Amino acid sequence: AAVHSAPARSRDACLLQLPERRATSLAIAGVSREAAGEVSVPCRAGDCVVPAGETWVLDSSIDVDTLTVKGTLRWDTSKDGLELRAGYILVDDGGRLTIGSAQAPMEKNATIYIKKGQVHDQLGTRFLGGMGSAEIE
């Protein structure tokens with residue numbers, strides 16, 4: 001079974017479409033899939049988009065131009081020292097960013113660094129924010 005990449009929206013865009021869940025693990029080019037249907041964040045640069053309906057797990061540090069969460073991005077609370085670097089982080093309407101929760105609190109070192117240089121047409125520069133029914137926990 002293969003993972004299929006969608007055509008990029010821009011030269012540096014990172015948008016990944018995955019086939020339906022499978023009961024076994026799959027590892028291709030740094031993307032891992034588990035039985036729960038969660039995927040390690042495959043973006044390592046450019047504009048990164050977590051598609052609606054998908055759950056990605058931040059289990060290694062990333063440095064991207066921008067991060068837009070339309071689905072769910074969950075921080076791996078078992079990993080120490082993870083860093084997320086982006087010009088901005090937008091949790092879009094219906095998206096969810098979970099860094100920790102009452103059930104799985106973040107008790108390790110975690111860093112979110114907002115870099116200079118990227119501009120969102122509505123929210124401006126250097127932000128971590130949500131729009132509409134976005135959830136940030």
# chains A, B, ... in the order shown; residues from 1 in each chain; ligands from 1
$ residues_around --residues "Tyr88 of chain A" --least-positions-apart "2" --cutoff "9 Å" --atoms "only C-alpha atoms" --output "ChimeraX atom specification"
/A:65-68,85-86,90,113-116,118-120,124-129
$ residues_around --residues "Val41 of chain A" --least-positions-apart "4" --cutoff "8 Å" --atoms "only C-alpha atoms" --output "list in words"
Val31, Trp56, Val57, Leu58, Asp59 and Ser60 of chain A
$ atom_distance --atom1 "atom CA of Leu84 of chain A" --atom2 "atom CA of Val64 of chain A"
8.1 Å
$ atom_distance --atom1 "atom CA of Asp121 of chain A" --atom2 "atom CA of Ile89 of chain A"
13.3 Å
$ closest_residue --among "A:Leu123, A:Ile62, A:Leu73, A:Val39" --to "Gly95 of chain A" --atoms "only C-alpha atoms"
A:Leu73
$ select_by_dssp --residues "segment 57-129 of chain A" --states "strand (DSSP E or B)" --output "number ranges by chain"
A: 57-58, 62-63, 66-69, 72-75, 82-86, 89-91, 96-98, 110-114, 119-120, 124-125, 128-129
$ residues_around --residues "segment 103-106 of chain A" --least-positions-apart "4" --cutoff "12 Å" --atoms "only C-alpha atoms" --output "list of chain:residue names"
A:Arg74, A:Trp75, A:Asp76, A:Thr77, A:Ser78, A:Lys79, A:Asp80, A:Gly81, A:Leu82, A:Thr98, A:Ile99, A:Ala110, A:Thr111, A:Glu137
$ atom_distance --atom1 "atom CA of Gly100 of chain A" --atom2 "atom CA of Val49 of chain A"
20.5 Å
$ closest_residue --among "A:Val50, A:Ile136, A:Val69, A:Cys43" --to "Asp92 of chain A" --atoms "only C-alpha atoms"
A:Val69
$ decode --residues "segment 108-135 of chain A" --atoms "N, CA, C and O atoms" --output "tab-separated table (two decimals), in the first residue's frame"
chain	number	residue	atom	x	y	z
A	108	LYS	N	6.81	17.48	29.91
A	108	LYS	CA	8.17	17.53	29.37
A	108	LYS	C	8.44	18.94	28.85
A	108	LYS	O	7.54	19.77	28.76
A	109	ASN	N	9.70	19.21	28.49
A	109	ASN	CA	10.04	20.49	27.88
A	109	ASN	C	9.48	20.53	26.47
A	109	ASN	O	9.65	19.59	25.70
A	110	ALA	N	8.80	21.63	26.14
A	110	ALA	CA	8.21	21.82	24.82
A	110	ALA	C	8.36	23.28	24.45
A	110	ALA	O	8.13	24.16	25.28
A	111	THR	N	8.74	23.55	23.20
A	111	THR	CA	8.94	24.93	22.76
A	111	THR	C	8.19	25.20	21.47
A	111	THR	O	8.29	24.43	20.52
A	112	ILE	N	7.44	26.30	21.46
A	112	ILE	CA	6.85	26.82	20.23
A	112	ILE	C	7.51	28.16	20.00
A	112	ILE	O	7.45	29.05	20.85
A	113	TYR	N	8.17	28.30	18.85
A	113	TYR	CA	8.89	29.52	18.51
A	113	TYR	C	8.26	30.10	17.26
A	113	TYR	O	8.20	29.44	16.22
A	114	ILE	N	7.77	31.34	17.37
A	114	ILE	CA	7.17	32.02	16.23
A	114	ILE	C	8.24	32.90	15.58
A	114	ILE	O	8.73	33.84	16.18
A	115	LYS	N	8.58	32.56	14.33
A	115	LYS	CA	9.65	33.24	13.60
A	115	LYS	C	9.12	34.48	12.89
A	115	LYS	O	7.93	34.64	12.69
A	116	LYS	N	10.04	35.31	12.45
A	116	LYS	CA	9.70	36.48	11.64
A	116	LYS	C	9.57	36.07	10.18
A	116	LYS	O	10.12	35.06	9.77
A	117	GLY	N	8.83	36.89	9.41
A	117	GLY	CA	8.89	36.75	7.97
A	117	GLY	C	7.63	36.31	7.25
A	117	GLY	O	7.51	36.56	6.06
A	118	GLN	N	6.69	35.65	7.90
A	118	GLN	CA	5.51	35.16	7.20
A	118	GLN	C	4.30	36.03	7.54
A	118	GLN	O	4.15	36.47	8.68
A	119	VAL	N	3.43	36.28	6.57
A	119	VAL	CA	2.27	37.14	6.77
A	119	VAL	C	1.00	36.39	6.38
A	119	VAL	O	0.91	35.82	5.29
A	120	HIS	N	0.01	36.40	7.27
A	120	HIS	CA	-1.32	35.85	6.99
A	120	HIS	C	-2.20	37.02	6.56
A	120	HIS	O	-2.13	38.09	7.17
A	121	ASP	N	-3.02	36.84	5.53
A	121	ASP	CA	-3.79	37.96	4.98
A	121	ASP	C	-4.81	38.55	5.96
A	121	ASP	O	-5.16	39.72	5.84
A	122	GLN	N	-5.27	37.81	6.96
A	122	GLN	CA	-6.24	38.33	7.92
A	122	GLN	C	-5.64	38.59	9.30
A	122	GLN	O	-6.05	39.52	9.98
A	123	LEU	N	-4.70	37.76	9.73
A	123	LEU	CA	-4.21	37.84	11.11
A	123	LEU	C	-2.84	38.47	11.25
A	123	LEU	O	-2.37	38.66	12.37
A	124	GLY	N	-2.17	38.75	10.15
A	124	GLY	CA	-0.89	39.45	10.23
A	124	GLY	C	0.30	38.51	10.38
A	124	GLY	O	0.36	37.47	9.76
A	125	THR	N	1.25	38.92	11.24
A	125	THR	CA	2.50	38.19	11.39
A	125	THR	C	2.67	37.67	12.82
A	125	THR	O	2.05	38.16	13.75
A	126	ARG	N	3.53	36.68	12.95
A	126	ARG	CA	4.00	36.12	14.22
A	126	ARG	C	2.86	35.88	15.22
A	126	ARG	O	2.73	36.59	16.20
A	127	PHE	N	2.09	34.83	15.01
A	127	PHE	CA	1.00	34.52	15.93
A	127	PHE	C	0.79	33.02	16.05
A	127	PHE	O	1.18	32.24	15.19
A	128	LEU	N	0.16	32.63	17.13
A	128	LEU	CA	-0.43	31.32	17.32
A	128	LEU	C	-1.87	31.64	17.67
A	128	LEU	O	-2.13	32.28	18.69
A	129	GLY	N	-2.81	31.27	16.79
A	129	GLY	CA	-4.19	31.64	17.02
A	129	GLY	C	-5.15	30.72	16.33
A	129	GLY	O	-4.77	29.88	15.52
A	130	GLY	N	-6.43	30.93	16.65
A	130	GLY	CA	-7.48	30.12	16.07
A	130	GLY	C	-8.56	30.98	15.46
A	130	GLY	O	-8.73	32.14	15.83
A	131	MET	N	-9.29	30.41	14.51
A	131	MET	CA	-10.41	31.09	13.86
A	131	MET	C	-11.65	30.22	13.99
A	131	MET	O	-11.56	28.99	13.96
A	132	GLY	N	-12.81	30.87	14.13
A	132	GLY	CA	-14.06	30.15	14.17
A	132	GLY	C	-14.15	29.20	15.35
A	132	GLY	O	-13.90	29.59	16.49
A	133	SER	N	-14.43	27.94	15.08
A	133	SER	CA	-14.60	26.94	16.15
A	133	SER	C	-13.31	26.18	16.46
A	133	SER	O	-13.34	25.06	16.98
A	134	ALA	N	-12.17	26.80	16.18
A	134	ALA	CA	-10.88	26.17	16.47
A	134	ALA	C	-10.73	25.90	17.96
A	134	ALA	O	-11.26	26.63	18.80
A	135	GLU	N	-9.99	24.82	18.28
A	135	GLU	CA	-9.71	24.48	19.69
A	135	GLU	C	-8.20	24.40	19.88
A	135	GLU	O	-7.52	23.73	19.12
